[in-house]
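The next block is data29.txt, given as compact mmCIF, N, CA and C atoms.
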# COMPACT_ATOMS: atom_id res chain seq x y z
N MET A 126 147.87 71.73 114.47
CA MET A 126 147.91 70.53 115.25
C MET A 126 146.47 70.14 115.57
N THR A 127 146.20 68.85 115.57
CA THR A 127 144.85 68.40 115.87
C THR A 127 144.78 67.43 117.04
N SER A 128 145.91 66.93 117.47
CA SER A 128 145.89 66.00 118.59
C SER A 128 146.30 66.73 119.87
N VAL A 129 145.93 66.14 121.00
CA VAL A 129 146.23 66.74 122.29
C VAL A 129 147.59 66.23 122.77
N LEU A 130 148.48 67.15 123.10
CA LEU A 130 149.78 66.77 123.63
C LEU A 130 149.66 66.50 125.13
N SER A 131 150.55 65.66 125.63
CA SER A 131 150.58 65.42 127.07
C SER A 131 151.11 66.67 127.76
N ARG A 132 150.94 66.73 129.06
CA ARG A 132 151.44 67.87 129.84
C ARG A 132 152.96 68.00 129.67
N LEU A 133 153.67 66.88 129.70
CA LEU A 133 155.12 66.90 129.52
C LEU A 133 155.49 67.39 128.12
N GLU A 134 154.77 66.97 127.09
CA GLU A 134 155.04 67.42 125.73
C GLU A 134 154.81 68.93 125.60
N ARG A 135 153.76 69.44 126.24
CA ARG A 135 153.50 70.88 126.22
C ARG A 135 154.62 71.63 126.95
N TYR A 136 155.05 71.09 128.07
CA TYR A 136 156.16 71.71 128.82
C TYR A 136 157.41 71.76 127.94
N ASN A 137 157.74 70.64 127.32
CA ASN A 137 158.93 70.58 126.47
C ASN A 137 158.82 71.53 125.29
N LEU A 138 157.66 71.62 124.68
CA LEU A 138 157.44 72.52 123.55
C LEU A 138 157.66 73.97 123.98
N GLY A 139 157.09 74.36 125.12
CA GLY A 139 157.28 75.72 125.62
C GLY A 139 158.72 76.00 125.99
N SER A 140 159.36 75.04 126.64
CA SER A 140 160.74 75.20 127.07
C SER A 140 161.71 75.28 125.89
N LEU A 141 161.57 74.37 124.94
CA LEU A 141 162.44 74.38 123.76
C LEU A 141 162.16 75.58 122.88
N GLY A 142 160.89 75.96 122.77
CA GLY A 142 160.54 77.15 121.99
C GLY A 142 161.16 78.40 122.58
N ALA A 143 161.14 78.50 123.91
CA ALA A 143 161.75 79.65 124.58
C ALA A 143 163.26 79.65 124.37
N GLU A 144 163.87 78.50 124.49
CA GLU A 144 165.32 78.39 124.28
C GLU A 144 165.69 78.88 122.89
N TYR A 145 164.92 78.46 121.89
CA TYR A 145 165.16 78.88 120.51
C TYR A 145 164.98 80.40 120.38
N ALA A 146 163.86 80.91 120.90
CA ALA A 146 163.55 82.34 120.76
C ALA A 146 164.60 83.21 121.43
N LEU A 147 165.08 82.80 122.58
CA LEU A 147 166.03 83.62 123.32
C LEU A 147 167.43 83.61 122.71
N GLN A 148 167.69 82.70 121.79
CA GLN A 148 168.98 82.66 121.10
C GLN A 148 169.01 83.57 119.88
N ARG A 149 167.88 84.14 119.50
CA ARG A 149 167.79 85.00 118.32
C ARG A 149 168.32 86.39 118.68
N THR A 150 168.74 87.12 117.64
CA THR A 150 169.23 88.47 117.87
C THR A 150 168.09 89.49 117.95
N ILE A 151 166.87 89.07 117.64
CA ILE A 151 165.71 89.94 117.79
C ILE A 151 164.78 89.34 118.83
N ALA A 152 164.00 90.17 119.45
CA ALA A 152 163.06 89.69 120.47
C ALA A 152 161.80 89.19 119.78
N LEU A 153 161.60 87.88 119.80
CA LEU A 153 160.42 87.30 119.17
C LEU A 153 159.20 87.45 120.07
N LYS A 154 158.07 87.68 119.45
CA LYS A 154 156.78 87.68 120.14
C LYS A 154 156.01 86.50 119.55
N VAL A 155 155.42 85.68 120.41
CA VAL A 155 154.76 84.45 119.94
C VAL A 155 153.28 84.49 120.32
N ALA A 156 152.44 84.39 119.31
CA ALA A 156 151.00 84.28 119.51
C ALA A 156 150.60 82.84 119.19
N VAL A 157 150.07 82.15 120.18
CA VAL A 157 149.61 80.77 120.00
C VAL A 157 148.09 80.82 119.80
N VAL A 158 147.62 80.21 118.71
CA VAL A 158 146.20 80.26 118.39
C VAL A 158 145.62 78.85 118.42
N GLY A 159 144.55 78.69 119.17
CA GLY A 159 143.86 77.40 119.24
C GLY A 159 142.87 77.38 120.38
N THR A 160 142.18 76.28 120.49
CA THR A 160 141.17 76.13 121.54
C THR A 160 141.38 74.83 122.29
N PRO A 161 140.91 74.79 123.52
CA PRO A 161 141.01 73.55 124.29
C PRO A 161 140.25 72.42 123.59
N PRO A 162 140.68 71.22 123.70
CA PRO A 162 141.76 70.74 124.55
C PRO A 162 143.12 70.76 123.86
N VAL A 163 143.18 71.10 122.57
CA VAL A 163 144.46 71.08 121.86
C VAL A 163 145.39 72.17 122.39
N ILE A 164 144.88 73.36 122.56
CA ILE A 164 145.67 74.48 123.09
C ILE A 164 145.05 74.90 124.41
N ASP A 165 145.84 74.83 125.48
CA ASP A 165 145.31 75.23 126.79
C ASP A 165 146.14 76.33 127.45
N GLY A 166 147.17 76.81 126.76
CA GLY A 166 147.98 77.90 127.28
C GLY A 166 149.17 77.47 128.12
N PHE A 167 149.30 76.19 128.43
CA PHE A 167 150.40 75.75 129.29
C PHE A 167 151.76 75.94 128.64
N GLY A 168 151.90 75.54 127.39
CA GLY A 168 153.18 75.71 126.69
C GLY A 168 153.57 77.17 126.58
N ALA A 169 152.59 78.04 126.32
CA ALA A 169 152.84 79.48 126.25
C ALA A 169 153.26 80.02 127.62
N LEU A 170 152.65 79.51 128.66
CA LEU A 170 153.02 79.92 130.02
C LEU A 170 154.46 79.53 130.34
N VAL A 171 154.85 78.33 129.95
CA VAL A 171 156.23 77.88 130.17
C VAL A 171 157.20 78.80 129.44
N ALA A 172 156.90 79.11 128.17
CA ALA A 172 157.77 80.01 127.40
C ALA A 172 157.82 81.40 128.03
N SER A 173 156.66 81.88 128.46
CA SER A 173 156.58 83.20 129.09
C SER A 173 157.40 83.25 130.38
N ASN A 174 157.34 82.19 131.16
CA ASN A 174 158.12 82.13 132.40
C ASN A 174 159.62 82.12 132.15
N ARG A 175 160.01 81.83 130.92
CA ARG A 175 161.42 81.81 130.55
C ARG A 175 161.84 83.08 129.82
N GLY A 176 160.96 84.07 129.77
CA GLY A 176 161.33 85.36 129.22
C GLY A 176 160.85 85.67 127.82
N VAL A 177 160.05 84.82 127.22
CA VAL A 177 159.54 85.07 125.88
C VAL A 177 158.16 85.70 125.98
N THR A 178 157.95 86.77 125.23
CA THR A 178 156.64 87.43 125.21
C THR A 178 155.69 86.54 124.43
N THR A 179 154.76 85.92 125.14
CA THR A 179 153.87 84.91 124.56
C THR A 179 152.45 85.11 125.08
N GLU A 180 151.48 84.88 124.21
CA GLU A 180 150.08 84.96 124.60
C GLU A 180 149.30 83.92 123.81
N THR A 181 148.23 83.44 124.40
CA THR A 181 147.38 82.43 123.76
C THR A 181 146.04 83.05 123.38
N PHE A 182 145.57 82.74 122.18
CA PHE A 182 144.32 83.29 121.65
C PHE A 182 143.47 82.18 121.05
N SER A 183 142.16 82.40 121.02
CA SER A 183 141.27 81.42 120.42
C SER A 183 140.99 81.74 118.95
N ASP A 184 141.40 82.92 118.47
CA ASP A 184 141.19 83.25 117.06
C ASP A 184 142.35 84.08 116.52
N THR A 185 142.55 84.00 115.22
CA THR A 185 143.69 84.65 114.59
C THR A 185 143.57 86.17 114.57
N SER A 186 142.35 86.71 114.51
CA SER A 186 142.22 88.17 114.45
C SER A 186 142.72 88.82 115.73
N ASN A 187 142.38 88.27 116.88
CA ASN A 187 142.90 88.82 118.14
C ASN A 187 144.40 88.62 118.27
N ALA A 188 144.90 87.50 117.79
CA ALA A 188 146.34 87.25 117.82
C ALA A 188 147.08 88.27 116.95
N ALA A 189 146.56 88.52 115.76
CA ALA A 189 147.19 89.49 114.86
C ALA A 189 147.14 90.89 115.45
N GLU A 190 146.04 91.25 116.07
CA GLU A 190 145.92 92.57 116.70
C GLU A 190 146.97 92.72 117.81
N TRP A 191 147.14 91.67 118.61
CA TRP A 191 148.14 91.70 119.69
C TRP A 191 149.55 91.86 119.12
N LEU A 192 149.87 91.09 118.09
CA LEU A 192 151.20 91.19 117.47
C LEU A 192 151.42 92.55 116.84
N ASN A 193 150.39 93.11 116.23
CA ASN A 193 150.51 94.43 115.59
C ASN A 193 150.80 95.54 116.59
N CYS A 194 150.39 95.36 117.84
CA CYS A 194 150.71 96.36 118.88
C CYS A 194 152.21 96.53 119.03
N PHE A 195 152.96 95.46 118.88
CA PHE A 195 154.42 95.53 119.00
C PHE A 195 155.03 96.24 117.79
N ALA A 196 154.45 96.06 116.62
CA ALA A 196 154.95 96.71 115.42
C ALA A 196 154.76 98.22 115.50
N ARG A 197 153.67 98.66 116.10
CA ARG A 197 153.40 100.10 116.23
C ARG A 197 154.32 100.78 117.23
N ARG A 198 154.84 100.02 118.18
CA ARG A 198 155.72 100.59 119.22
C ARG A 198 157.09 100.97 118.66
N GLY A 199 157.56 100.19 117.72
CA GLY A 199 158.93 100.39 117.29
C GLY A 199 159.03 100.97 115.97
Represent the supplied structure as structure tokens.
Amino acid sequence: MTSVLSRLERYNLGSLGAEYALQRTIALKVAVVGTPPVIDGFGALVASNRGVTTETFSDTSNAAEWLNCFARRG
């Protein structure tokens, strides 16, 4: 994504994303990668507040490392 979403659009994205994730039979982990102003963590926070394990990163290597931690646990 290259454009900045409104606060309401970010809220809706996080809320709908959480709704989708929580309907799955597996527990999804979501790593959001980007930098401000396009990614500010608000959508991830909304999803997290709804029970989805979510984190925001500025680069893919840290995001992959975070996701890999879950793979090592199980």
Subject >> range 133-147 of chain A environment, 8 Å, only N, CA and C atoms, sequence neighbours closer than 3 positions dropped, as a list in words >> reply: Val129, Leu130, Thr150, Ile151, Ala152, Leu153, Lys154, Phe167, Gly168, Ala169, Leu170, Val171, Ala172, Ser173, Arg175, Gly176 and Val177 of chain A
Original post:
Which is closer to Val157 in chain A than all the others in A:Asn187, A:Arg197, A:Ser131, A:Asn174, using only C-alpha atoms?
Top reply: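 Of A:Asn187, A:Arg197, A:Ser131, A:Asn174, the one nearest Val157 in chain A is A:Asn187, counting only C-alpha atoms.
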**OP:** Take atom N of Glu180 in chain A and atom C of Val155 in chain A and report the distance between them in Å, one decimal.
**Re:** 4.3 Å
**OP:** Using DSSP on the backbone coordinates, identify all residues within chain A classified as alpha helix (DSSP H); present the result as an NGL selection string.
**Re:** :A and (132-147 or 167-174 or 185-198)
Dump N, CA and C atoms for the selected residues as an mmCIF file, keeping the file's coordinate frame?
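Everything below was put into selection26.cif:
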data_model
loop_
_atom_site.group_PDB
_atom_site.id
_atom_site.type_symbol
_atom_site.label_atom_id
_atom_site.label_comp_id
_atom_site.auth_asym_id
_atom_site.auth_seq_id
_atom_site.Cartn_x
_atom_site.Cartn_y
_atom_site.Cartn_z
ATOM 1 N N ARG A 132 150.940 66.730 129.060
ATOM 2 C CA ARG A 132 151.440 67.870 129.840
ATOM 3 C C ARG A 132 152.960 68.000 129.670
ATOM 4 N N LEU A 133 153.670 66.880 129.700
ATOM 5 C CA LEU A 133 155.120 66.900 129.520
ATOM 6 C C LEU A 133 155.490 67.390 128.120
ATOM 7 N N GLU A 134 154.770 66.970 127.090
ATOM 8 C CA GLU A 134 155.040 67.420 125.730
ATOM 9 C C GLU A 134 154.810 68.930 125.600
ATOM 10 N N ARG A 135 153.760 69.440 126.240
ATOM 11 C CA ARG A 135 153.500 70.880 126.220
ATOM 12 C C ARG A 135 154.620 71.630 126.950
ATOM 13 N N TYR A 136 155.050 71.090 128.070
ATOM 14 C CA TYR A 136 156.160 71.710 128.820
ATOM 15 C C TYR A 136 157.410 71.760 127.940
ATOM 16 N N ASN A 137 157.740 70.640 127.320
ATOM 17 C CA ASN A 137 158.930 70.580 126.470
ATOM 18 C C ASN A 137 158.820 71.530 125.290
ATOM 19 N N LEU A 138 157.660 71.620 124.680
ATOM 20 C CA LEU A 138 157.440 72.520 123.550
ATOM 21 C C LEU A 138 157.660 73.970 123.980
ATOM 22 N N GLY A 139 157.090 74.360 125.120
ATOM 23 C CA GLY A 139 157.280 75.720 125.620
ATOM 24 C C GLY A 139 158.720 76.000 125.990
ATOM 25 N N SER A 140 159.360 75.040 126.640
ATOM 26 C CA SER A 140 160.740 75.200 127.070
ATOM 27 C C SER A 140 161.710 75.280 125.890
ATOM 28 N N LEU A 141 161.570 74.370 124.940
ATOM 29 C CA LEU A 141 162.440 74.380 123.760
ATOM 30 C C LEU A 141 162.160 75.580 122.880
ATOM 31 N N GLY A 142 160.890 75.960 122.770
ATOM 32 C CA GLY A 142 160.540 77.150 121.990
ATOM 33 C C GLY A 142 161.160 78.400 122.580
ATOM 34 N N ALA A 143 161.140 78.500 123.910
ATOM 35 C CA ALA A 143 161.750 79.650 124.580
ATOM 36 C C ALA A 143 163.260 79.650 124.370
ATOM 37 N N GLU A 144 163.870 78.500 124.490
ATOM 38 C CA GLU A 144 165.320 78.390 124.280
ATOM 39 C C GLU A 144 165.690 78.880 122.890
ATOM 40 N N TYR A 145 164.920 78.460 121.890
ATOM 41 C CA TYR A 145 165.160 78.880 120.510
ATOM 42 C C TYR A 145 164.980 80.400 120.380
ATOM 43 N N ALA A 146 163.860 80.910 120.900
ATOM 44 C CA ALA A 146 163.550 82.340 120.760
ATOM 45 C C ALA A 146 164.600 83.210 121.430
ATOM 46 N N LEU A 147 165.080 82.800 122.580
ATOM 47 C CA LEU A 147 166.030 83.620 123.320
ATOM 48 C C LEU A 147 167.430 83.610 122.710
ATOM 49 N N PHE A 167 149.300 76.190 128.430
ATOM 50 C CA PHE A 167 150.400 75.750 129.290
ATOM 51 C C PHE A 167 151.760 75.940 128.640
ATOM 52 N N GLY A 168 151.900 75.540 127.390
ATOM 53 C CA GLY A 168 153.180 75.710 126.690
ATOM 54 C C GLY A 168 153.570 77.170 126.580
ATOM 55 N N ALA A 169 152.590 78.040 126.320
ATOM 56 C CA ALA A 169 152.840 79.480 126.250
ATOM 57 C C ALA A 169 153.260 80.020 127.620
ATOM 58 N N LEU A 170 152.650 79.510 128.660
ATOM 59 C CA LEU A 170 153.020 79.920 130.020
ATOM 60 C C LEU A 170 154.460 79.530 130.340
ATOM 61 N N VAL A 171 154.850 78.330 129.950
ATOM 62 C CA VAL A 171 156.230 77.880 130.170
ATOM 63 C C VAL A 171 157.200 78.800 129.440
ATOM 64 N N ALA A 172 156.900 79.110 128.170
ATOM 65 C CA ALA A 172 157.770 80.010 127.400
ATOM 66 C C ALA A 172 157.820 81.400 128.030
ATOM 67 N N SER A 173 156.660 81.880 128.460
ATOM 68 C CA SER A 173 156.580 83.200 129.090
ATOM 69 C C SER A 173 157.400 83.250 130.380
ATOM 70 N N ASN A 174 157.340 82.190 131.160
ATOM 71 C CA ASN A 174 158.120 82.130 132.400
ATOM 72 C C ASN A 174 159.620 82.120 132.150
ATOM 73 N N THR A 185 142.550 84.000 115.220
ATOM 74 C CA THR A 185 143.690 84.650 114.590
ATOM 75 C C THR A 185 143.570 86.170 114.570
ATOM 76 N N SER A 186 142.350 86.710 114.510
ATOM 77 C CA SER A 186 142.220 88.170 114.450
ATOM 78 C C SER A 186 142.720 88.820 115.730
ATOM 79 N N ASN A 187 142.380 88.270 116.880
ATOM 80 C CA ASN A 187 142.900 88.820 118.140
ATOM 81 C C ASN A 187 144.400 88.620 118.270
ATOM 82 N N ALA A 188 144.900 87.500 117.790
ATOM 83 C CA ALA A 188 146.340 87.250 117.820
ATOM 84 C C ALA A 188 147.080 88.270 116.950
ATOM 85 N N ALA A 189 146.560 88.520 115.760
ATOM 86 C CA ALA A 189 147.190 89.490 114.860
ATOM 87 C C ALA A 189 147.140 90.890 115.450
ATOM 88 N N GLU A 190 146.040 91.250 116.070
ATOM 89 C CA GLU A 190 145.920 92.570 116.700
ATOM 90 C C GLU A 190 146.970 92.720 117.810
ATOM 91 N N TRP A 191 147.140 91.670 118.610
ATOM 92 C CA TRP A 191 148.140 91.700 119.690
ATOM 93 C C TRP A 191 149.550 91.860 119.120
ATOM 94 N N LEU A 192 149.870 91.090 118.090
ATOM 95 C CA LEU A 192 151.200 91.190 117.470
ATOM 96 C C LEU A 192 151.420 92.550 116.840
ATOM 97 N N ASN A 193 150.390 93.110 116.230
ATOM 98 C CA ASN A 193 150.510 94.430 115.590
ATOM 99 C C ASN A 193 150.800 95.540 116.590
ATOM 100 N N CYS A 194 150.390 95.360 117.840
ATOM 101 C CA CYS A 194 150.710 96.360 118.880
ATOM 102 C C CYS A 194 152.210 96.530 119.030
ATOM 103 N N PHE A 195 152.960 95.460 118.880
ATOM 104 C CA PHE A 195 154.420 95.530 119.000
ATOM 105 C C PHE A 195 155.030 96.240 117.790
ATOM 106 N N ALA A 196 154.450 96.060 116.620
ATOM 107 C CA ALA A 196 154.950 96.710 115.420
ATOM 108 C C ALA A 196 154.760 98.220 115.500
ATOM 109 N N ARG A 197 153.670 98.660 116.100
ATOM 110 C CA ARG A 197 153.400 100.100 116.230
ATOM 111 C C ARG A 197 154.320 100.780 117.230
ATOM 112 N N ARG A 198 154.840 100.020 118.180
ATOM 113 C CA ARG A 198 155.720 100.590 119.220
ATOM 114 C C ARG A 198 157.090 100.970 118.660
#
Subject >> Straight-line distance linking CA of Ser183 in chain A with CA of Thr160 in chain A, stated in Å to one decimal >> reply: 5.4 Å
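One distance worth recording is that between atom N of Gly159 in chain A and CA of Thr181 in chain A, which is 6.6 Å.
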Exercise on range 162-169 of chain A, axis-aligned box with 4 Å per side, report centre and edge lengths in Å to one decimal, as AutoDock Vina command-line options:
--center_x 147.1 --center_y 75.4 --center_z 125.6 --size_x 20.9 --size_y 17.3 --size_z 15.4
Original post:
Where in chain A does DSSP assign strand (DSSP E), given as a ChimeraX atom specification?
Top reply: /A:154-158,178-182
Subject >> Distance criterion (all atoms listed in the file): nearest to Ile164 in chain A out of A:Thr179, A:Ser128, A:Ser186, A:Gln148 >> reply: A:Ser128
**OP:** Point out the residue among A:Gly166, A:Ala156, A:Arg132, A:Arg149 with the least atom-to-atom distance to Glu190 in chain A, counting only C-alpha atoms.
**Re:**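 The closest residue to Glu190 in chain A is A:Ala156.
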